[in-house]
file start.tsv (TSV, C-alpha atoms and all ligand atoms)
chain	number	residue	atom	x	y	z
A	1	MET	CA	40.38	15.67	-41.17
A	2	ASP	CA	42.11	18.59	-39.56
A	3	TYR	CA	43.31	17.18	-36.29
A	4	SER	CA	44.87	20.45	-35.24
A	5	LYS	CA	41.28	21.63	-34.75
A	6	LEU	CA	40.03	18.39	-33.24
A	7	LEU	CA	42.71	17.76	-30.64
A	8	THR	CA	42.53	19.72	-27.41
A	9	LYS	CA	44.69	22.82	-27.19
A	10	ARG	CA	46.05	21.53	-23.91
A	11	ILE	CA	47.53	18.37	-25.38
A	12	GLN	CA	48.84	20.15	-28.47
A	13	GLN	CA	50.66	22.66	-26.31
A	14	VAL	CA	52.49	20.01	-24.32
A	15	ARG	CA	55.95	19.46	-25.80
A	16	PRO	CA	57.19	15.91	-26.38
A	17	SER	CA	59.85	14.53	-24.05
A	18	GLY	CA	63.40	15.40	-25.09
A	19	ILE	CA	64.73	12.20	-23.53
A	20	ARG	CA	63.55	9.74	-26.10
A	21	LYS	CA	64.50	11.78	-29.18
A	22	PHE	CA	68.18	10.86	-29.07
A	23	PHE	CA	67.42	7.34	-27.92
A	24	ASP	CA	65.21	6.84	-30.99
A	25	ILE	CA	67.87	8.20	-33.39
A	26	ALA	CA	70.47	6.04	-31.66
A	27	ASN	CA	68.29	2.97	-32.16
A	28	GLU	CA	68.48	3.45	-35.92
A	29	MET	CA	72.31	3.57	-35.94
A	30	ASP	CA	74.92	0.82	-35.70
A	31	ASP	CA	77.51	0.49	-32.97
A	32	VAL	CA	75.88	3.07	-30.73
A	33	ILE	CA	76.75	3.28	-27.06
A	34	SER	CA	73.81	4.74	-25.24
A	35	LEU	CA	74.05	6.37	-21.84
A	36	SER	CA	70.71	7.99	-22.35
A	37	ILE	CA	68.04	6.00	-20.57
A	38	GLY	CA	67.23	6.07	-16.89
A	39	GLU	CA	66.74	2.39	-16.40
A	40	PRO	CA	68.72	-0.18	-14.42
A	41	ASP	CA	70.75	-2.55	-16.62
A	42	PHE	CA	70.12	-5.32	-14.07
A	43	SER	CA	67.31	-7.78	-14.55
A	44	THR	CA	64.81	-7.98	-11.73
A	45	PRO	CA	66.29	-10.25	-8.99
A	46	TRP	CA	65.46	-13.88	-9.71
A	47	HIS	CA	63.54	-14.61	-6.49
A	48	VAL	CA	61.28	-11.65	-7.30
A	49	ARG	CA	60.70	-12.84	-10.88
A	50	GLN	CA	59.97	-16.31	-9.53
A	51	GLU	CA	57.05	-15.05	-7.46
A	52	GLY	CA	55.55	-13.44	-10.56
A	53	ILE	CA	56.03	-16.67	-12.51
A	54	LYS	CA	54.57	-18.76	-9.69
A	55	SER	CA	51.45	-16.61	-9.57
A	56	LEU	CA	50.95	-17.13	-13.30
A	57	GLU	CA	51.49	-20.87	-12.99
A	58	MET	CA	48.77	-20.92	-10.35
A	59	GLY	CA	46.46	-19.08	-12.70
A	60	LYS	CA	46.27	-15.91	-10.62
A	61	THR	CA	45.41	-13.78	-13.59
A	62	TRP	CA	42.50	-11.69	-12.29
A	63	TYR	CA	42.03	-8.04	-11.42
A	64	SER	CA	43.32	-7.06	-8.02
A	65	PRO	CA	41.42	-4.77	-5.62
A	66	ASN	CA	41.44	-1.16	-6.86
A	67	ARG	CA	43.88	-0.05	-4.18
A	68	GLY	CA	46.18	-3.04	-4.80
A	69	PHE	CA	46.45	-6.30	-2.83
A	70	ALA	CA	46.12	-5.76	0.92
A	71	GLU	CA	49.21	-7.91	1.46
A	72	LEU	CA	51.28	-5.68	-0.81
A	73	ARG	CA	50.02	-2.50	0.84
A	74	GLU	CA	50.98	-3.93	4.22
A	75	GLU	CA	54.45	-4.79	2.97
A	76	ILE	CA	54.88	-1.32	1.44
A	77	CYS	CA	54.02	0.28	4.79
A	78	LYS	CA	56.44	-2.01	6.65
A	79	PHE	CA	59.19	-1.23	4.13
A	80	PHE	CA	58.63	2.51	4.41
A	81	ASP	CA	58.63	2.38	8.18
A	82	ARG	CA	61.76	0.18	8.26
A	83	HIS	CA	63.68	2.41	5.83
A	84	TYR	CA	62.34	5.93	6.47
A	85	HIS	CA	60.57	5.74	9.82
A	86	VAL	CA	57.17	7.04	8.77
A	87	GLN	CA	54.03	5.02	9.50
A	88	TYR	CA	51.13	4.77	7.06
A	89	ASP	CA	47.87	2.86	7.37
A	90	PRO	CA	47.84	0.18	4.65
A	91	LYS	CA	44.03	0.20	4.55
A	92	THR	CA	43.47	3.90	3.86
A	93	GLU	CA	46.74	5.68	3.13
A	94	VAL	CA	48.32	3.67	0.31
A	95	LEU	CA	47.42	3.24	-3.35
A	96	VAL	CA	49.27	0.84	-5.65
A	97	THR	CA	49.66	2.39	-9.11
A	98	VAL	CA	51.03	1.75	-12.59
A	99	GLY	CA	54.51	3.02	-11.85
A	100	GLY	CA	55.32	6.13	-9.91
A	101	SER	CA	54.25	7.95	-13.09
A	102	GLU	CA	50.58	7.21	-12.56
A	103	ALA	CA	50.77	8.23	-8.91
A	104	LEU	CA	52.24	11.63	-9.88
A	105	ASP	CA	49.53	12.21	-12.46
A	106	LEU	CA	46.69	11.22	-10.11
A	107	ALA	CA	47.98	13.50	-7.37
A	108	VAL	CA	48.14	16.51	-9.69
A	109	ARG	CA	44.71	15.80	-11.13
A	110	CYS	CA	43.11	15.41	-7.70
A	111	LEU	CA	44.64	18.51	-6.17
A	112	VAL	CA	45.14	21.27	-8.69
A	113	GLU	CA	42.42	23.51	-10.14
A	114	PRO	CA	42.86	25.37	-13.45
A	115	GLY	CA	44.79	28.59	-12.90
A	116	GLU	CA	46.46	27.41	-9.70
A	117	GLU	CA	50.24	27.37	-9.57
A	118	VAL	CA	52.47	24.32	-9.31
A	119	LEU	CA	56.04	24.97	-8.19
A	120	ILE	CA	58.54	22.82	-10.06
A	121	PRO	CA	62.25	22.94	-9.23
A	122	GLN	CA	64.27	22.36	-12.41
A	123	PRO	CA	66.33	20.73	-13.84
A	124	SER	CA	64.00	17.83	-13.09
A	125	PHE	CA	62.18	14.86	-14.58
A	126	VAL	CA	60.24	15.65	-17.71
A	127	CYS	CA	56.69	14.81	-16.61
A	128	TYR	CA	55.86	17.42	-13.94
A	129	GLU	CA	55.39	20.40	-16.22
A	130	PRO	CA	53.13	18.60	-18.74
A	131	MET	CA	51.07	17.11	-15.91
A	132	ALA	CA	50.43	20.59	-14.52
A	133	GLN	CA	49.62	21.91	-18.00
A	134	MET	CA	47.16	19.10	-18.63
A	135	VAL	CA	44.97	20.22	-15.72
A	136	GLY	CA	45.13	23.85	-16.84
A	137	ALA	CA	47.44	24.81	-13.99
A	138	VAL	CA	50.35	27.22	-14.27
A	139	PRO	CA	53.76	25.57	-13.88
A	140	VAL	CA	56.09	27.92	-12.01
A	141	ILE	CA	59.70	26.96	-12.51
A	142	ILE	CA	62.28	27.39	-9.76
A	143	GLU	CA	65.79	27.11	-11.18
A	144	THR	CA	68.13	25.19	-8.91
A	145	LYS	CA	71.80	26.01	-9.37
A	146	GLU	CA	75.06	24.11	-9.50
A	147	LYS	CA	76.55	26.44	-6.86
A	148	ASP	CA	73.84	25.23	-4.43
A	149	GLY	CA	74.44	21.59	-5.37
A	150	PHE	CA	71.22	21.78	-7.42
A	151	ARG	CA	69.23	21.80	-4.16
A	152	LEU	CA	66.07	23.80	-3.62
A	153	THR	CA	66.84	26.68	-1.26
A	154	PRO	CA	64.30	28.12	1.19
A	155	GLU	CA	64.88	31.63	-0.22
A	156	GLU	CA	64.02	30.51	-3.76
A	157	LEU	CA	60.95	28.70	-2.52
A	158	ARG	CA	59.72	31.65	-0.47
A	159	ALA	CA	60.14	33.98	-3.44
A	160	ALA	CA	58.05	31.71	-5.68
A	161	ILE	CA	55.02	31.33	-3.40
A	162	THR	CA	51.95	33.41	-4.27
A	163	PRO	CA	48.30	33.23	-3.11
A	164	LYS	CA	47.69	30.94	-6.12
A	165	THR	CA	50.33	28.38	-5.23
A	166	LYS	CA	48.82	24.96	-4.60
A	167	LEU	CA	51.49	22.35	-4.97
A	168	LEU	CA	55.25	22.04	-4.61
A	169	VAL	CA	56.93	19.19	-6.46
A	170	LEU	CA	59.93	17.99	-4.46
A	171	PRO	CA	61.98	15.86	-6.89
A	172	PHE	CA	64.82	14.44	-4.77
A	173	PRO	CA	67.05	12.43	-5.21
A	174	ASN	CA	66.97	14.27	-8.49
A	175	ASN	CA	66.85	13.12	-12.07
A	176	PRO	CA	68.92	14.49	-13.92
A	177	THR	CA	71.34	16.21	-11.49
A	178	GLY	CA	71.76	13.49	-8.85
A	179	ALA	CA	71.25	16.10	-6.11
A	180	VAL	CA	69.84	14.98	-2.77
A	181	MET	CA	68.31	17.14	-0.06
A	182	ARG	CA	69.88	16.53	3.34
A	183	LYS	CA	67.76	16.61	6.49
A	184	LYS	CA	68.72	20.20	7.27
A	185	ASP	CA	67.86	21.28	3.71
A	186	LEU	CA	64.43	19.68	4.02
A	187	GLU	CA	63.91	21.24	7.45
A	188	ALA	CA	64.53	24.67	5.94
A	189	ILE	CA	61.94	23.93	3.24
A	190	ALA	CA	59.46	22.69	5.87
A	191	GLU	CA	59.97	25.93	7.79
A	192	VAL	CA	58.86	27.95	4.75
A	193	ILE	CA	55.86	25.71	4.14
A	194	ARG	CA	54.62	25.61	7.74
A	195	GLY	CA	51.71	28.00	8.08
A	196	THR	CA	50.88	27.96	4.32
A	197	ASN	CA	48.32	25.77	2.53
A	198	LEU	CA	50.90	24.24	0.25
A	199	ILE	CA	50.75	20.54	-0.53
A	200	VAL	CA	54.02	18.74	-1.30
A	201	LEU	CA	54.30	16.11	-4.00
A	202	SER	CA	57.46	14.32	-2.96
A	203	ASP	CA	58.81	12.17	-5.78
A	204	GLU	CA	61.07	9.76	-3.89
A	205	ILE	CA	61.44	7.15	-6.63
A	206	TYR	CA	65.25	7.16	-6.20
A	207	SER	CA	65.12	7.03	-2.40
A	208	GLU	CA	67.09	3.76	-2.25
A	209	LEU	CA	69.85	5.05	-4.50
A	210	THR	CA	71.89	7.43	-2.39
A	211	TYR	CA	75.65	7.18	-1.95
A	212	GLY	CA	78.31	7.82	0.65
A	213	ASP	CA	76.86	8.71	4.02
A	214	GLN	CA	73.74	10.22	2.43
A	215	GLN	CA	70.70	8.33	3.73
A	216	HIS	CA	67.45	9.38	2.13
A	217	VAL	CA	65.19	11.42	4.39
A	218	ALA	CA	61.47	11.21	3.65
A	219	PHE	CA	59.89	14.66	3.64
A	220	SER	CA	56.86	13.28	5.49
A	221	SER	CA	59.11	12.28	8.41
A	222	LEU	CA	59.58	15.96	9.35
A	223	PRO	CA	57.29	17.49	12.00
A	224	ASP	CA	53.91	18.66	10.59
A	225	MET	CA	54.76	17.59	7.04
A	226	ARG	CA	53.05	14.19	6.93
A	227	GLU	CA	49.56	15.71	6.72
A	228	ARG	CA	50.48	17.77	3.65
A	229	THR	CA	52.73	15.37	1.76
A	230	ILE	CA	51.98	12.83	-0.94
A	231	VAL	CA	54.87	10.43	-1.26
A	232	VAL	CA	55.42	8.83	-4.64
A	233	ASN	CA	57.67	5.84	-4.85
A	234	GLY	CA	57.87	2.55	-6.71
A	235	PHE	CA	59.70	-0.56	-7.77
A	236	SER	CA	61.32	0.53	-11.06
A	237	LYS	CA	64.60	1.89	-9.76
A	238	ALA	CA	65.28	0.21	-6.42
A	239	PHE	CA	64.41	-3.31	-7.62
A	240	ALA	CA	65.17	-2.99	-11.35
A	241	MET	CA	61.49	-3.53	-12.17
A	242	THR	CA	60.80	-0.85	-14.80
A	243	GLY	CA	58.87	-3.18	-17.10
A	244	TRP	CA	56.57	-4.47	-14.38
A	245	ARG	CA	55.00	-0.99	-14.15
A	246	LEU	CA	54.38	-0.77	-10.45
A	247	GLY	CA	54.55	2.12	-8.04
A	248	TYR	CA	52.62	3.62	-5.15
A	249	ALA	CA	51.37	6.78	-3.52
A	250	MET	CA	51.07	7.33	0.21
A	251	GLY	CA	49.40	10.21	1.95
A	252	PRO	CA	46.41	11.48	3.87
A	253	LYS	CA	43.39	9.18	3.55
A	254	GLU	CA	41.08	11.85	2.09
A	255	LEU	CA	43.46	12.37	-0.81
A	256	ILE	CA	44.23	8.68	-1.34
A	257	ALA	CA	40.47	8.00	-1.49
A	258	GLN	CA	40.04	10.50	-4.34
A	259	MET	CA	43.13	9.26	-6.16
A	260	THR	CA	41.74	5.72	-5.84
A	261	LYS	CA	38.50	6.85	-7.48
A	262	LEU	CA	40.37	8.27	-10.45
A	263	HIS	CA	42.64	5.22	-10.63
A	264	GLN	CA	39.56	2.98	-10.60
A	265	TYR	CA	38.03	4.76	-13.60
A	266	ALA	CA	41.21	5.16	-15.63
A	267	ILE	CA	43.20	2.01	-14.78
A	268	MET	CA	41.01	-0.29	-12.67
A	269	SER	CA	43.87	-1.93	-10.84
A	270	ALA	CA	47.66	-2.23	-11.13
A	271	PRO	CA	49.04	-5.38	-12.85
A	272	THR	CA	48.33	-8.49	-10.77
A	273	THR	CA	51.46	-10.48	-11.65
A	274	SER	CA	53.64	-7.49	-10.81
A	275	GLN	CA	52.03	-7.17	-7.40
A	276	TYR	CA	52.88	-10.77	-6.48
A	277	ALA	CA	56.48	-10.13	-7.48
A	278	ALA	CA	56.51	-6.84	-5.55
A	279	ILE	CA	55.39	-8.51	-2.32
A	280	GLU	CA	58.51	-10.64	-2.52
A	281	ALA	CA	60.68	-7.59	-3.33
A	282	MET	CA	59.40	-5.74	-0.27
A	283	ARG	CA	59.86	-8.77	2.01
A	284	HIS	CA	63.21	-10.11	0.87
A	285	GLY	CA	64.73	-7.55	-1.50
A	286	ASP	CA	66.85	-5.41	0.83
A	287	ALA	CA	70.05	-7.30	-0.03
A	288	ASP	CA	69.41	-6.85	-3.77
A	289	ILE	CA	69.15	-3.12	-3.28
A	290	VAL	CA	72.46	-3.06	-1.40
A	291	TYR	CA	74.18	-5.05	-4.14
A	292	MET	CA	72.88	-2.87	-6.99
A	293	ARG	CA	73.63	0.32	-5.09
A	294	GLU	CA	77.26	-0.77	-4.63
A	295	GLN	CA	77.56	-1.44	-8.35
A	296	TYR	CA	76.09	1.96	-9.22
A	297	ASP	CA	78.42	3.60	-6.76
A	298	MET	CA	81.50	2.11	-8.49
A	299	ARG	CA	80.23	3.31	-11.85
A	300	ARG	CA	79.42	6.71	-10.40
A	301	ARG	CA	82.98	7.24	-9.24
A	302	LEU	CA	84.39	6.07	-12.57
A	303	ILE	CA	82.22	8.40	-14.59
A	304	VAL	CA	82.60	11.46	-12.34
A	305	ASP	CA	86.40	11.10	-12.48
A	306	GLY	CA	86.22	10.54	-16.25
A	307	PHE	CA	84.34	13.77	-16.91
A	308	ASN	CA	86.42	15.81	-14.50
A	309	GLU	CA	89.62	14.58	-16.18
A	310	MET	CA	88.20	15.76	-19.51
A	311	ASN	CA	87.55	19.12	-17.92
A	312	LEU	CA	83.82	18.80	-18.42
A	313	THR	CA	83.27	19.69	-14.80
A	314	CYS	CA	80.96	17.35	-13.11
A	315	PHE	CA	78.97	18.10	-9.98
A	316	GLU	CA	79.28	15.04	-7.75
A	317	PRO	CA	75.88	13.34	-7.66
A	318	GLU	CA	74.82	11.83	-4.34
A	319	GLY	CA	71.71	10.05	-5.55
A	320	ALA	CA	69.92	8.36	-8.48
A	321	PHE	CA	72.13	7.12	-11.38
A	322	TYR	CA	72.93	10.18	-13.45
A	323	VAL	CA	75.77	12.64	-13.81
A	324	PHE	CA	75.21	16.12	-15.15
A	325	PRO	CA	78.50	17.44	-16.56
A	326	CYS	CA	78.79	21.04	-17.69
A	327	ILE	CA	79.64	21.28	-21.40
A	328	LYS	CA	79.67	25.09	-21.64
A	329	ARG	CA	83.39	25.26	-22.39
A	330	THR	CA	82.86	23.46	-25.72
A	331	GLY	CA	80.90	26.47	-26.96
A	332	LEU	CA	78.11	24.15	-28.13
A	333	SER	CA	74.54	24.16	-26.91
A	334	SER	CA	73.40	20.99	-25.14
A	335	ASP	CA	71.43	19.96	-28.18
A	336	GLU	CA	74.33	20.54	-30.57
A	337	PHE	CA	76.72	18.68	-28.26
A	338	CYS	CA	74.44	15.62	-28.12
A	339	GLU	CA	73.74	15.61	-31.83
A	340	LYS	CA	77.38	15.99	-32.86
A	341	LEU	CA	78.52	13.40	-30.34
A	342	LEU	CA	75.95	10.95	-31.59
A	343	TYR	CA	76.78	11.35	-35.26
A	344	ALA	CA	80.56	11.62	-34.81
A	345	LYS	CA	81.16	8.99	-32.14
A	346	HIS	CA	77.92	7.05	-31.84
A	347	VAL	CA	77.46	7.89	-28.17
A	348	ALA	CA	73.98	8.88	-26.99
A	349	VAL	CA	73.48	11.20	-24.02
A	350	VAL	CA	70.60	13.59	-23.29
A	351	PRO	CA	70.70	17.40	-23.54
A	352	GLY	CA	70.26	19.09	-20.16
A	353	SER	CA	67.68	21.38	-21.77
A	354	ALA	CA	65.26	18.41	-21.93
A	355	PHE	CA	64.89	18.88	-18.15
A	356	GLY	CA	64.10	22.60	-18.28
A	357	ASN	CA	65.69	25.69	-19.77
A	358	CYS	CA	68.13	25.96	-16.89
A	359	GLY	CA	69.56	22.58	-17.91
A	360	GLU	CA	71.09	24.30	-20.95
A	361	GLY	CA	74.88	23.98	-20.88
A	362	TYR	CA	74.74	20.50	-19.32
A	363	VAL	CA	74.11	16.96	-20.51
A	364	ARG	CA	72.59	14.08	-18.61
A	365	VAL	CA	74.59	10.89	-18.66
A	366	SER	CA	73.16	7.78	-17.09
A	367	TYR	CA	75.55	5.36	-15.39
A	368	SER	CA	73.08	2.52	-15.11
A	369	TYR	CA	75.27	0.68	-17.62
A	370	SER	CA	78.14	-1.78	-17.30
A	371	ILE	CA	81.69	-0.63	-16.50
A	372	ASN	CA	82.85	-1.73	-19.99
A	373	HIS	CA	80.08	0.20	-21.64
A	374	ILE	CA	80.88	3.33	-19.59
A	375	THR	CA	84.65	3.03	-20.21
A	376	GLU	CA	84.14	2.78	-23.96
A	377	ALA	CA	81.72	5.74	-23.96
A	378	LEU	CA	84.16	7.88	-21.96
A	379	SER	CA	86.97	7.08	-24.39
A	380	ARG	CA	84.80	8.07	-27.37
A	381	ILE	CA	83.77	11.32	-25.65
A	382	ARG	CA	87.46	12.07	-25.01
A	383	ASP	CA	88.17	11.62	-28.76
A	384	PHE	CA	85.20	13.78	-29.60
A	385	LEU	CA	86.53	16.64	-27.47
A	386	LYS	CA	89.94	16.32	-29.15
A	387	GLN	CA	88.26	16.59	-32.54
A	388	LEU	CA	86.44	19.71	-31.35
A	389	GLY	CA	89.82	21.08	-30.31
A	390	CYS	CA	88.75	21.30	-26.65
B	401	LIG	N1	60.10	10.07	-11.16
B	401	LIG	C1	61.33	10.20	-11.65
B	401	LIG	C2	62.20	11.28	-11.09
B	401	LIG	C3	61.79	9.35	-12.65
B	401	LIG	O1	63.03	9.50	-13.12
B	401	LIG	C4	60.92	8.34	-13.16
B	401	LIG	C5	61.35	7.40	-14.27
B	401	LIG	N2	62.42	7.74	-15.01
B	401	LIG	C6	59.64	8.25	-12.61
B	401	LIG	C7	59.27	9.11	-11.61
B	401	LIG	C8	58.65	7.23	-13.07
B	401	LIG	O2	59.04	5.93	-12.81
B	401	LIG	P1	58.05	4.69	-12.92
B	401	LIG	O3	56.78	5.16	-13.54
B	401	LIG	O4	58.77	3.68	-13.74
B	401	LIG	O5	57.84	4.25	-11.51
call {"tool": "encode", "arguments": {"input": "start.tsv", "output": "structure tokens"}}
result
Amino acid sequence: MDYSKLLTKRIQQVRPSGIRKFFDIANEMDDVISLSIGEPDFSTPWHVRQEGIKSLEMGKTWYSPNRGFAELREEICKFFDRHYHVQYDPKTEVLVTVGGSEALDLAVRCLVEPGEEVLIPQPSFVCYEPMAQMVGAVPVIIETKEKDGFRLTPEELRAAITPKTKLLVLPFPNNPTGAVMRKKDLEAIAEVIRGTNLIVLSDEIYSELTYGDQQHVAFSSLPDMRERTIVVNGFSKAFAMTGWRLGYAMGPKELIAQMTKLHQYAIMSAPTTSQYAAIEAMRHGDADIVYMREQYDMRRRLIVDGFNEMNLTCFEPEGAFYVFPCIKRTGLSSDEFCEKLLYAKHVAVVPGSAFGNCGEGYVRVSYSYSINHITEALSRIRDFLKQLGC
């Protein structure tokens, strides 16, 4: 059968993620050091795992309510209020999802009509553009620049808005650049948005991972922004719970109701065991976050210094767990750099171009790995540059 005729044009046009390509090649090779995946190397804290185990021992293996357990939604709202000072109603304004990924997809599907425009600052996480394409929307890319600390500027935003613009994705703290938007940066964005009909999809999955004196500011905490913001967050990054597949969306009740309908048909309900564990994470996990953040911060400083010493200039990331060094001086494209490095030195990193065309000339390196692992990778990259004659 000719599947090129059977499969929808929309899905065929979506390009596969460039993140996993190098990871998959690396998996086939021996002695590879990978700094390619955006996943904590910590296991989920034991007291959190225990609550999942306990629920299984008690035979709590049924579906949960479509929106997620009421107890979990209450805890999520308390956590968000405690950390970011925005209040949501656990009954109507929260939906528990299968990772932040599902929440992003639901929001796009509920809000965007074919032909409408979705503004996507890039470099950014790989899923936004395909999600917009899958609903027949037009992704409009806004290139953030190293000279602006890879932040979205109000001028760039204003220039991108047209009568067809429906949604702005706000991906901060950012994967892959590590950029964060400070309060004044967000206020400038809010100023542009005020008076328009734009909805903001604020992907705050790395909100707990900010460094130095940078505290995360929730976009919905700014005046007038709550009513037009969907917050996406989750458990994967802050609590090292990637495999539990749990996240959430918060926003106006009309929108959450429609997202719940879609979630009910496509997913039914988020994993039950994971929700029991997540209740514990929300109640008693603050100290775990602090501990992991301190560890990431040490690794961050090691890796930033390492790249700068090699003269692969490295913008100092203030959030998430990635660095985004510039490799332009090697004369190689991002793809060539990653491929040669992998084959020559068995080190896997991700080409910046996987996160949008403007990521060309950079590579994404994750520091959610042990100090030993990072030190060895840096030493191999140093040798690689010597071999290149750089
Ligand atoms: N947003 C960003 C920016 C991410 O980097 C990721 C995962 N890498 C996600 C969302 C999705 O995370 P999850 O589905 O595990 O919650």
call {"tool": "closest_residue", "arguments": {"input": "start.tsv", "among": "A:Ala257, A:Met268, A:Ala281, A:Leu201", "to": "ligand LIG 401 (chain B)", "atoms": "all atoms listed in the file"}}
result
A:Leu201
call {"tool": "residues_near_point", "arguments": {"input": "start.tsv", "point": "(55.9, 1.6, 2.0)", "cutoff": "12 Å", "atoms": "all atoms listed in the file", "output": "ChimeraX atom specification"}}
result
/A:71-90,93-96,204-205,207,218,231-235,247-251,278-279,281-283
call {"tool": "residues_near_ligand", "arguments": {"input": "start.tsv", "ligand": "ligand LIG 401 (chain B)", "cutoff": "9 Å", "atoms": "all atoms listed in the file", "output": "ChimeraX atom specification"}}
result
/A:37-39,97-104,124-128,171-176,203-206,232-237,241-248,320
call {"tool": "residues_near_point", "arguments": {"input": "start.tsv", "point": "(92.3, 24.7, -29.0)", "cutoff": "12 Å", "atoms": "only C-alpha atoms", "output": "PyMOL selection string"}}
result
chain A and resi 329-331+385-390
call {"tool": "residues_around", "arguments": {"input": "start.tsv", "residues": "region 18-22 of chain A", "least_positions_apart": "5", "cutoff": "9 Å", "atoms": "all atoms listed in the file", "output": "count of residues only"}}
result
14
call {"tool": "residues_around", "arguments": {"input": "start.tsv", "residues": "Ser220 (chain A)", "least_positions_apart": "3", "cutoff": "9 Å", "atoms": "only C-alpha atoms", "output": "list in words"}}
result
Val86, Ser202, Val217, Pro223, Asp224, Met225, Arg226, Glu227, Arg228, Thr229, Ile230, Val231 and Gly251 of chain A
call {"tool": "atom_distance", "arguments": {"input": "start.tsv", "atom1": "CA of Ile189 (chain A)", "atom2": "CA of Pro154 (chain A)"}}
result
5.2 Å
call {"tool": "closest_residue", "arguments": {"input": "start.tsv", "among": "A:Gln122, A:Gly352, A:Met298, A:Phe307", "to": "Leu152 (chain A)", "atoms": "all atoms listed in the file"}}
result
A:Gln122
call {"tool": "closest_residue", "arguments": {"input": "start.tsv", "among": "A:Ile374, A:Met292, A:Leu157, A:Ile25", "to": "Thr44 (chain A)", "atoms": "only C-alpha atoms"}}
result
A:Met292
call {"tool": "axis_aligned_box", "arguments": {"input": "start.tsv", "around": "region 52-70 of chain A", "padding_each_side": "4 Å", "output": "AutoDock Vina command-line options"}}
result
--center_x 48.7 --center_y -10.5 --center_z -6.3 --size_x 22.6 --size_y 28.9 --size_z 22.5
